[in-house]
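Colleague: Input structure: protein06.txt, which contains compact mmCIF, C-alpha atoms and all ligand atoms.
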```txt
# COMPACT_ATOMS: atom_id res chain seq x y z
CA GLY R 1 -14.48 -20.62 12.32
CA ALA R 2 -13.41 -19.64 8.82
CA SER R 3 -10.82 -16.96 8.18
CA LEU R 4 -9.39 -15.14 5.18
CA LYS R 5 -5.88 -16.45 5.66
CA ASP R 6 -7.04 -20.07 5.90
CA ALA R 7 -9.39 -19.76 2.94
CA PHE R 8 -6.65 -18.44 0.62
CA ASN R 9 -3.83 -20.51 2.10
CA GLY R 10 -1.83 -21.88 -0.83
CA ASP R 11 -3.14 -19.15 -3.17
CA PHE R 12 -1.52 -15.96 -1.84
CA TYR R 13 -0.83 -14.25 1.46
CA ILE R 14 -3.69 -12.24 2.92
CA GLY R 15 -2.33 -9.09 4.51
CA THR R 16 -3.41 -5.99 6.36
CA ALA R 17 -1.89 -2.61 7.10
CA LEU R 18 -1.28 -2.00 10.80
CA ASP R 19 -1.39 1.36 12.51
CA VAL R 20 0.58 2.20 15.63
CA ASN R 21 -2.17 1.19 18.12
CA GLN R 22 -2.38 -2.24 16.60
CA ILE R 23 1.39 -2.65 16.53
CA GLU R 24 1.59 -1.68 20.20
CA GLU R 25 -1.15 -4.22 20.92
CA LYS R 26 -3.28 -1.74 22.83
CA ASP R 27 -6.20 -4.18 22.71
CA PRO R 28 -5.51 -7.94 22.96
CA LYS R 29 -8.85 -8.75 21.27
CA VAL R 30 -7.72 -6.78 18.23
CA THR R 31 -4.36 -8.58 18.16
CA GLN R 32 -6.14 -11.91 18.28
CA PHE R 33 -8.50 -10.86 15.52
CA ILE R 34 -5.64 -9.74 13.26
CA SER R 35 -3.71 -12.97 13.76
CA LYS R 36 -6.81 -15.03 13.03
CA GLU R 37 -7.65 -13.36 9.70
CA PHE R 38 -4.29 -12.29 8.26
CA ASN R 39 -0.88 -13.86 7.62
CA ALA R 40 0.94 -10.80 6.25
CA ILE R 41 1.42 -7.28 7.55
CA THR R 42 2.41 -3.87 6.21
CA ALA R 43 3.17 -0.87 8.43
CA GLU R 44 0.65 1.82 7.45
CA ASN R 45 2.90 4.72 8.52
CA ILE R 46 5.64 3.92 11.03
CA MET R 47 8.32 2.82 8.54
CA LYS R 48 8.06 5.97 6.47
CA SER R 49 11.13 8.17 6.54
CA MET R 50 9.65 10.95 8.71
CA PHE R 51 9.14 8.46 11.53
CA VAL R 52 12.12 6.13 11.14
CA HIS R 53 14.73 8.72 10.09
CA PRO R 54 13.59 11.95 11.76
CA GLN R 55 17.00 13.63 11.68
CA LYS R 56 19.90 13.27 9.33
CA ASP R 57 22.03 11.43 11.88
CA LYS R 58 19.26 9.82 13.88
CA PHE R 59 17.15 6.75 13.20
CA ASP R 60 14.26 5.76 15.45
CA PHE R 61 13.56 2.04 15.38
CA GLU R 62 11.47 1.78 18.54
CA THR R 63 8.09 1.20 16.86
CA THR R 64 9.50 -0.58 13.82
CA ASP R 65 11.12 -3.12 16.17
CA LYS R 66 7.69 -3.74 17.72
CA TYR R 67 6.21 -4.13 14.25
CA VAL R 68 8.74 -6.78 13.27
CA ALA R 69 8.29 -8.53 16.64
CA PHE R 70 4.51 -8.58 16.06
CA GLY R 71 4.97 -10.30 12.70
CA LYS R 72 7.42 -12.84 14.05
CA LYS R 73 5.27 -13.67 17.05
CA HIS R 74 2.32 -14.44 14.81
CA ASN R 75 4.36 -16.16 12.12
CA MET R 76 3.45 -13.59 9.47
CA PHE R 77 4.96 -12.42 6.20
CA ILE R 78 6.45 -9.03 7.09
CA HIS R 79 6.48 -6.30 4.45
CA GLY R 80 8.45 -3.05 4.68
CA HIS R 81 6.70 0.13 3.51
CA THR R 82 8.50 2.21 2.29
CA LEU R 83 12.14 3.22 1.69
CA ILE R 84 11.99 5.97 -0.95
CA TRP R 85 8.82 8.06 -1.22
CA HIS R 86 8.31 11.75 -2.02
CA SER R 87 5.72 12.04 0.78
CA GLN R 88 5.97 11.85 4.58
CA LEU R 89 9.62 12.85 4.34
CA PRO R 90 11.34 14.50 7.30
CA LYS R 91 12.13 18.17 6.70
CA TRP R 92 15.90 17.63 6.52
CA PHE R 93 15.50 15.05 3.74
CA SER R 94 13.02 17.04 1.67
CA GLU R 95 15.19 20.17 1.78
CA ILE R 96 18.41 18.71 0.39
CA LYS R 97 19.45 20.60 -2.74
CA ASP R 98 22.95 19.30 -3.37
CA SER R 99 23.29 16.04 -5.28
CA ALA R 100 26.38 14.79 -3.41
CA GLU R 101 24.62 15.43 -0.12
CA MET R 102 21.50 13.64 -1.34
CA ASN R 103 23.57 10.76 -2.62
CA ALA R 104 25.10 10.22 0.82
CA ALA R 105 21.78 10.62 2.67
CA PHE R 106 19.96 8.34 0.25
CA GLU R 107 22.57 5.62 0.58
CA ASN R 108 22.68 5.89 4.37
CA HIS R 109 18.87 5.79 4.58
CA ILE R 110 18.39 2.66 2.50
CA THR R 111 21.45 0.78 3.70
CA THR R 112 20.89 1.40 7.41
CA ILE R 113 17.22 0.39 7.39
CA VAL R 114 17.52 -2.66 5.14
CA LYS R 115 20.59 -3.96 7.01
CA LYS R 116 18.90 -3.45 10.35
CA TYR R 117 16.08 -5.81 9.33
CA LYS R 118 18.10 -8.12 7.11
CA GLY R 119 16.60 -11.62 7.24
CA GLN R 120 13.61 -10.34 9.23
CA ILE R 121 11.63 -8.31 6.71
CA ASN R 122 10.43 -10.47 3.81
CA SER R 123 9.88 -7.78 1.19
CA TRP R 124 10.36 -4.03 0.77
CA ASP R 125 8.61 -1.30 -1.16
CA VAL R 126 11.92 0.15 -2.32
CA VAL R 127 10.42 2.99 -4.32
CA ASN R 128 6.85 4.20 -3.89
CA GLU R 129 4.79 6.34 -6.31
CA ALA R 130 7.55 7.65 -8.59
CA VAL R 131 5.43 7.69 -11.77
CA ASN R 132 2.76 10.23 -12.78
CA ASP R 133 -0.60 9.30 -14.27
CA ASP R 134 0.70 10.19 -17.75
CA GLY R 135 3.63 7.79 -17.37
CA SER R 136 6.33 10.43 -16.83
CA LEU R 137 8.45 10.51 -13.67
CA ARG R 138 7.12 12.51 -10.72
CA LYS R 139 9.00 15.69 -9.89
CA SER R 140 10.33 14.81 -6.44
CA VAL R 141 13.34 15.89 -4.42
CA PHE R 142 14.97 12.60 -5.49
CA LEU R 143 14.44 13.19 -9.21
CA LYS R 144 15.61 16.78 -8.85
CA THR R 145 18.86 15.98 -7.04
CA LEU R 146 19.78 12.56 -8.44
CA GLY R 147 18.07 12.36 -11.83
CA GLU R 148 16.03 9.38 -12.99
CA ASP R 149 18.78 6.99 -11.99
CA PHE R 150 17.65 7.32 -8.37
CA ILE R 151 15.19 4.50 -8.95
CA ALA R 152 17.68 1.86 -10.09
CA LYS R 153 20.12 3.12 -7.48
CA ALA R 154 17.59 2.56 -4.69
CA PHE R 155 17.07 -1.04 -5.80
CA GLN R 156 20.79 -1.60 -6.10
CA LEU R 157 21.44 -0.32 -2.56
CA ALA R 158 18.60 -2.39 -1.09
CA ALA R 159 19.82 -5.54 -2.83
CA ALA R 160 23.35 -4.96 -1.56
CA ALA R 161 22.09 -4.50 2.01
CA ASP R 162 20.01 -7.70 1.98
CA PRO R 163 20.51 -9.88 -1.10
CA LYS R 164 17.66 -12.24 -0.18
CA VAL R 165 14.81 -9.82 0.52
CA ASP R 166 12.18 -9.31 -2.20
CA LEU R 167 12.30 -5.81 -3.69
CA TYR R 168 9.12 -4.13 -5.00
CA TYR R 169 8.10 -1.03 -6.90
CA ASN R 170 4.71 0.13 -5.50
CA ASP R 171 2.20 2.62 -6.92
CA TYR R 172 -1.49 3.57 -7.32
CA SER R 173 -3.59 3.95 -10.51
CA MET R 174 -1.62 1.02 -11.88
CA THR R 175 -4.51 0.10 -14.19
CA ASN R 176 -4.40 3.44 -15.99
CA PRO R 177 -2.94 2.62 -19.48
CA ALA R 178 -0.54 5.58 -19.74
CA LYS R 179 0.76 5.01 -16.23
CA ARG R 180 1.07 1.28 -16.86
CA GLU R 181 3.27 1.97 -19.88
CA GLY R 182 5.39 4.37 -17.84
CA VAL R 183 5.88 1.85 -15.04
CA ILE R 184 6.80 -0.87 -17.52
CA ARG R 185 9.38 1.42 -19.17
CA MET R 186 10.82 2.25 -15.76
CA VAL R 187 11.03 -1.40 -14.63
CA LYS R 188 12.65 -2.42 -17.92
CA LYS R 189 15.35 0.22 -17.37
CA ILE R 190 16.09 -1.25 -13.94
CA GLN R 191 16.28 -4.74 -15.42
CA GLU R 192 18.45 -3.65 -18.36
CA LYS R 193 20.99 -2.32 -15.89
CA GLY R 194 21.16 -5.77 -14.33
CA VAL R 195 19.67 -4.47 -11.09
CA LYS R 196 17.42 -6.79 -9.09
CA ILE R 197 13.69 -6.08 -8.89
CA ASP R 198 11.43 -8.89 -7.67
CA GLY R 199 7.95 -7.47 -7.74
CA ILE R 200 5.43 -4.81 -8.60
CA GLY R 201 2.83 -3.66 -6.11
CA MET R 202 -0.53 -2.50 -7.40
CA GLN R 203 -1.97 -0.51 -4.51
CA GLY R 204 -5.62 -1.19 -5.31
CA HIS R 205 -7.38 1.90 -3.99
CA TRP R 206 -10.43 1.13 -6.08
CA HIS R 207 -14.09 2.08 -6.44
CA LEU R 208 -17.40 0.26 -6.92
CA ASP R 209 -17.37 0.91 -10.67
CA ARG R 210 -13.71 1.49 -11.56
CA PRO R 211 -11.28 0.30 -12.63
CA THR R 212 -13.00 -2.50 -14.55
CA ILE R 213 -12.04 -6.12 -13.94
CA GLN R 214 -10.66 -6.19 -17.51
CA GLU R 215 -8.35 -3.25 -16.77
CA ILE R 216 -7.14 -4.87 -13.57
CA GLU R 217 -6.52 -8.13 -15.40
CA LYS R 218 -4.58 -6.38 -18.18
CA SER R 219 -2.28 -4.85 -15.61
CA ILE R 220 -1.69 -8.07 -13.66
CA LEU R 221 -0.71 -9.76 -16.93
CA ALA R 222 1.41 -6.87 -18.22
CA TYR R 223 3.42 -6.54 -15.00
CA SER R 224 3.78 -10.27 -14.61
CA ASN R 225 5.16 -10.44 -18.17
CA LEU R 226 8.18 -8.50 -16.91
CA GLY R 227 9.13 -11.65 -15.01
CA VAL R 228 8.32 -10.22 -11.56
CA LYS R 229 5.79 -11.08 -8.86
CA VAL R 230 2.63 -9.01 -8.65
CA ALA R 231 1.22 -8.04 -5.27
CA ILE R 232 -2.01 -6.21 -4.49
CA THR R 233 -0.63 -4.05 -1.73
CA GLU R 234 -3.22 -1.55 -0.47
CA LEU R 235 -6.64 -2.91 -1.29
CA ASP R 236 -9.80 -1.01 -0.42
CA VAL R 237 -12.99 -0.23 -2.34
CA SER R 238 -14.56 3.12 -1.63
CA ALA R 239 -18.29 2.61 -1.10
CA LEU R 240 -19.09 6.26 -1.69
CA PRO R 241 -19.49 8.34 -4.85
CA SER R 242 -16.84 10.97 -5.60
CA PRO R 243 -17.71 14.24 -3.85
CA PHE R 244 -19.11 16.77 -6.34
CA GLY R 245 -18.79 13.99 -8.91
CA LEU R 246 -15.11 14.95 -9.20
CA GLN R 247 -11.76 13.38 -8.36
CA GLY R 248 -8.39 14.64 -7.22
CA ALA R 249 -7.35 18.21 -6.47
CA GLU R 250 -10.60 19.76 -7.70
CA VAL R 251 -12.43 18.06 -4.83
CA SER R 252 -10.37 19.65 -2.06
CA GLN R 253 -10.69 23.05 -3.71
CA ARG R 254 -14.49 22.87 -3.78
CA PHE R 255 -14.55 21.44 -0.26
CA GLU R 256 -12.42 24.30 1.07
CA ASN R 257 -14.83 26.69 -0.67
CA ASN R 258 -17.73 25.07 1.23
CA GLU R 259 -19.52 24.16 -1.97
CA LYS R 260 -22.53 21.89 -1.65
CA MET R 261 -21.62 18.29 -2.49
CA ASN R 262 -23.65 15.20 -3.22
CA PRO R 263 -24.89 13.68 0.07
CA TYR R 264 -23.24 10.60 1.52
CA PRO R 265 -24.82 8.03 3.83
CA LYS R 266 -24.29 8.12 7.61
CA SER R 267 -24.23 4.34 7.63
CA LEU R 268 -23.76 1.77 4.90
CA PRO R 269 -27.15 1.27 3.12
CA ASP R 270 -28.10 -2.31 2.18
CA SER R 271 -28.04 -1.49 -1.52
CA ILE R 272 -24.39 -0.40 -1.36
CA GLN R 273 -23.54 -3.29 0.98
CA VAL R 274 -24.73 -5.62 -1.80
CA LYS R 275 -22.74 -3.76 -4.49
CA LEU R 276 -19.60 -3.78 -2.37
CA ALA R 277 -19.91 -7.52 -1.78
CA GLN R 278 -20.34 -8.19 -5.51
CA ARG R 279 -17.37 -5.95 -6.34
CA TYR R 280 -15.12 -7.75 -3.86
CA GLU R 281 -16.30 -11.12 -5.16
CA ASP R 282 -15.44 -10.08 -8.75
CA ILE R 283 -12.03 -8.80 -7.67
CA PHE R 284 -11.12 -11.94 -5.73
CA LYS R 285 -12.39 -14.16 -8.52
CA LEU R 286 -9.86 -12.44 -10.77
CA PHE R 287 -7.09 -12.80 -8.18
CA LEU R 288 -7.80 -16.53 -7.94
CA LYS R 289 -7.71 -16.85 -11.72
CA HIS R 290 -4.17 -15.41 -11.62
CA LYS R 291 -3.02 -16.80 -8.30
CA ASP R 292 0.14 -18.18 -9.94
CA LYS R 293 1.17 -14.56 -10.59
CA ILE R 294 0.01 -12.97 -7.33
CA SER R 295 2.19 -13.22 -4.24
CA ARG R 296 0.06 -11.31 -1.73
CA VAL R 297 -3.21 -9.44 -1.33
CA THR R 298 -3.05 -6.83 1.43
CA PHE R 299 -5.98 -4.73 2.63
CA TRP R 300 -5.24 -1.12 3.56
CA GLY R 301 -6.46 -1.50 7.12
CA VAL R 302 -8.17 -4.09 9.30
CA ASN R 303 -11.63 -2.53 9.46
CA ASP R 304 -13.59 0.50 8.26
CA THR R 305 -12.74 2.81 11.16
CA GLN R 306 -9.02 2.51 10.40
CA SER R 307 -9.36 3.51 6.76
CA TRP R 308 -7.49 6.54 5.40
CA LEU R 309 -10.54 7.03 3.14
CA ASN R 310 -12.43 8.47 6.13
CA ASP R 311 -10.34 11.56 5.47
CA PHE R 312 -9.98 11.39 1.71
CA PRO R 313 -10.68 13.07 -0.65
CA ILE R 314 -12.35 15.23 1.98
CA ARG R 315 -11.87 15.31 5.72
CA GLY R 316 -14.28 13.65 8.11
CA ARG R 317 -16.37 11.67 5.64
CA THR R 318 -17.11 8.09 6.75
CA ASP R 319 -16.39 5.46 4.11
CA TYR R 320 -16.97 1.69 4.23
CA PRO R 321 -14.19 0.25 2.08
CA LEU R 322 -13.01 -2.89 3.92
CA LEU R 323 -14.35 -6.36 4.78
CA PHE R 324 -14.88 -5.68 8.50
CA ASP R 325 -17.08 -2.97 9.97
CA ALA R 326 -16.45 -0.56 12.82
CA ASN R 327 -17.11 -3.33 15.37
CA LEU R 328 -14.81 -5.81 13.59
CA GLN R 329 -17.87 -7.70 12.37
CA PRO R 330 -17.57 -9.31 8.93
CA LYS R 331 -19.61 -7.53 6.26
CA LYS R 332 -21.53 -9.19 3.45
CA ALA R 333 -18.43 -8.72 1.27
CA TYR R 334 -16.40 -10.91 3.64
CA TYR R 335 -18.78 -13.85 3.29
CA GLN R 336 -19.01 -13.43 -0.45
CA VAL R 337 -15.21 -13.45 -0.80
CA LEU R 338 -14.96 -16.57 1.40
CA SER R 339 -17.73 -18.27 -0.58
CA LEU R 340 -15.43 -18.29 -3.64
CA LYS R 341 -13.29 -20.85 -1.86
CA GLN R 342 -16.17 -22.86 -0.45
CA LYS R 343 -17.56 -23.35 -3.98
CA THR R 344 -14.33 -24.87 -5.31
O1 LIG R 401 2.20 12.25 12.58
C1 LIG R 401 1.08 13.08 12.79
C2 LIG R 401 0.83 13.22 14.27
O2 LIG R 401 1.94 13.83 14.88
C3 LIG R 401 -0.45 14.04 14.47
O3 LIG R 401 -0.76 14.09 15.82
C4 LIG R 401 -1.59 13.43 13.69
C5 LIG R 401 -2.85 14.26 13.79
O4 LIG R 401 -3.69 14.04 12.69
O5 LIG R 401 -1.25 13.32 12.34
C6 LIG R 401 -0.13 12.47 12.12
O6 LIG R 401 0.13 12.35 10.76
C7 LIG R 401 -0.78 11.58 10.01
C8 LIG R 401 -0.05 10.37 9.46
O7 LIG R 401 -0.91 9.67 8.59
C9 LIG R 401 0.46 9.43 10.53
O8 LIG R 401 -0.57 8.91 11.30
C10 LIG R 401 -1.30 12.45 8.89
O9 LIG R 401 -2.11 13.48 9.40
C11 LIG R 401 -2.10 11.63 7.89
O10 LIG R 401 -2.39 12.43 6.76
C12 LIG R 401 -1.28 10.43 7.46
O11 LIG R 401 -2.05 9.71 6.51
C13 LIG R 401 -1.44 8.56 5.93
C14 LIG R 401 -1.12 8.83 4.48
O12 LIG R 401 -0.62 7.66 3.89
C15 LIG R 401 -0.09 9.94 4.32
O13 LIG R 401 0.12 10.21 2.97
C16 LIG R 401 -2.45 7.43 6.05
O14 LIG R 401 -2.62 7.09 7.42
C17 LIG R 401 -1.96 6.22 5.27
O15 LIG R 401 -2.98 5.26 5.20
C18 LIG R 401 -1.59 6.63 3.85
O16 LIG R 401 -1.10 5.51 3.17
C19 LIG R 401 -0.72 5.71 1.80
C20 LIG R 401 0.43 4.77 1.53
O17 LIG R 401 1.46 4.97 2.45
C21 LIG R 401 0.93 4.94 0.10
N1 LIG R 401 -0.14 4.80 -0.85
C22 LIG R 401 -1.32 5.63 -0.61
C23 LIG R 401 -1.85 5.41 0.80
C24 LIG R 401 -3.11 6.19 1.03
O18 LIG R 401 -2.87 7.57 0.98
```
Re-express the file's structure as structure tokens.
Ligand code: G3I
Modeller:
Amino acid sequence: GASLKDAFNGDFYIGTALDVNQIEEKDPKVTQFISKEFNAITAENIMKSMFVHPQKDKFDFETTDKYVAFGKKHNMFIHGHTLIWHSQLPKWFSEIKDSAEMNAAFENHITTIVKKYKGQINSWDVVNEAVNDDGSLRKSVFLKTLGEDFIAKAFQLAAAADPKVDLYYNDYSMTNPAKREGVIRMVKKIQEKGVKIDGIGMQGHWHLDRPTIQEIEKSILAYSNLGVKVAITELDVSALPSPFGLQGAEVSQRFENNEKMNPYPKSLPDSIQVKLAQRYEDIFKLFLKHKDKISRVTFWGVNDTQSWLNDFPIRGRTDYPLLFDANLQPKKAYYQVLSLKQKT
């Protein structure tokens, strides 16, 4: 029957994030399902520094090798996520204070990993989430020890280790105007130094009512104007309202205090199912309009049970953000997205 990857073949890659169970092919039915629907993969966690570089002088490539083998076996576009990120760092990396020591560790980290998968990984998130919502640079261990130059330096090292691989900057809230301006300033600095950057990843952790299609479109155009590819790298649409009507840190505070929050459904009600389908249709309509600018659209997980949103912004809440339900059955949103291609 129909599949996402076949429907959008020739437009952009259709990807999914894989967790460790999927990479280790614990269930052959799941493997078959993934290879039917998707032609691109991102490692949800296993390539992050805490897993791949657990000690200063020790890399662990056991699971990442399986990940790359999975992609090759199924003839997929293989994305690397992520080289330099302030989060999910091993302790040794996050505790470096000295800039010379960081310089050496940073270089070893990027060079070793990129060289190891040279010619096998198709694109890398070189730097992830380095910009704040107000457009300034995030205070991370990298900024503290190396200064703002760490960003261009990361791209330079990755390009030297594999000159042919596509190099991306990846972040969330990329439709927020102040952040968009900050990201554009940062990318221009990389380009002005003559350092290679091939793409910008808009994560796409979106909601039923925000950001608007106009805001998303503005960002696709603004990033693309820098002369780079745009990828939608971590797409999901939360089907639930914000707890307490709030977002961010305030939510966890109130949750920890056991404050009463607005109720959320124990299963996906038809009315939200319909809204989710319409939202996904609108989003994919926009992607198709700009398919010449978009290299890849990757969902952040195969189906609803895998989603990180089941634990965010509060633990244990069930969300319904993807196109396939807990039983891997296509939701209304899946058919509505596919129908965009059947109409044309
Ligand atoms: O490694 C431990 C394991 O030892 C332990 O047994 C287990 C028990 O819960 O936890 C494991 O760590 C979890 C880790 O994923 C690896 O599975 C953490 O608790 C969990 O918080 C962590 O969440 C990941 C999150 O990044 C971390 O920030 C999510 O799965 C992953 O979807 C999410 O992905 C990020 C992208 O990388 C960057 N953009 C935002 C996106 C969503 O937060």
Colleague: Can you tell me, as JSON, the centre and edge lengths (Å, one decimal) of the axis-aligned box enclosing all of ligand LIG 401 (chain R)'s listed atoms after padding each side by 5 Å?
Modeller:
```
{"center_x": -0.7, "center_y": 9.5, "center_z": 7.5, "size_x": 15.9, "size_y": 19.5, "size_z": 26.7}
```
Colleague: Let me see if you get this right: every residue at most 8 Å from ligand LIG 401 (chain R), counting all atoms listed in the file, written as a PyMOL selection string.
Modeller: chain R and resi 19+44-46+48+51+81-82+87-88+128-129+171-172+203+205+234+300-301+307-309
Colleague: Which of these residues is nearest to Leu208 (chain R), using only C-alpha atoms: R:Pro54, R:Pro241, R:Pro265, R:Gly80?
Modeller: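 For Leu208 (chain R), the nearest of the given residues is R:Pro241.
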Colleague: Considering all atoms listed in the file, can you say which of R:Ser99, R:Ser224, R:Asn75, R:Thr63 comes closest to Ile23 (chain R)?
Modeller: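 Smallest separation from Ile23 (chain R) among the options: R:Thr63.
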Colleague: Quick one: pull the distance between CA of Thr233 (chain R) and CA of Gly10 (chain R), Å, one decimal.
Modeller: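 Between CA of Thr233 (chain R) and CA of Gly10 (chain R) the gap is 17.9 Å.
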Colleague: What does the distance from CA of Asp166 (chain R) to CA of Lys144 (chain R) come to in Å, to one decimal?
Modeller: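 One can read the CA of Asp166 (chain R) to CA of Lys144 (chain R) distance as 27.1 Å.
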Colleague: Work out how far apart CA of Ser123 (chain R) and CA of His207 (chain R) are and give it in Å to one decimal.
Modeller: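 About the pair CA of Ser123 (chain R) and CA of His207 (chain R): they are 27.0 Å apart.
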Colleague: Quick one: of R:Phe33, R:Phe155, R:Tyr168, R:Phe284, who's nearest to Glu217 (chain R), counting all atoms listed in the file?
Modeller: R:Phe284
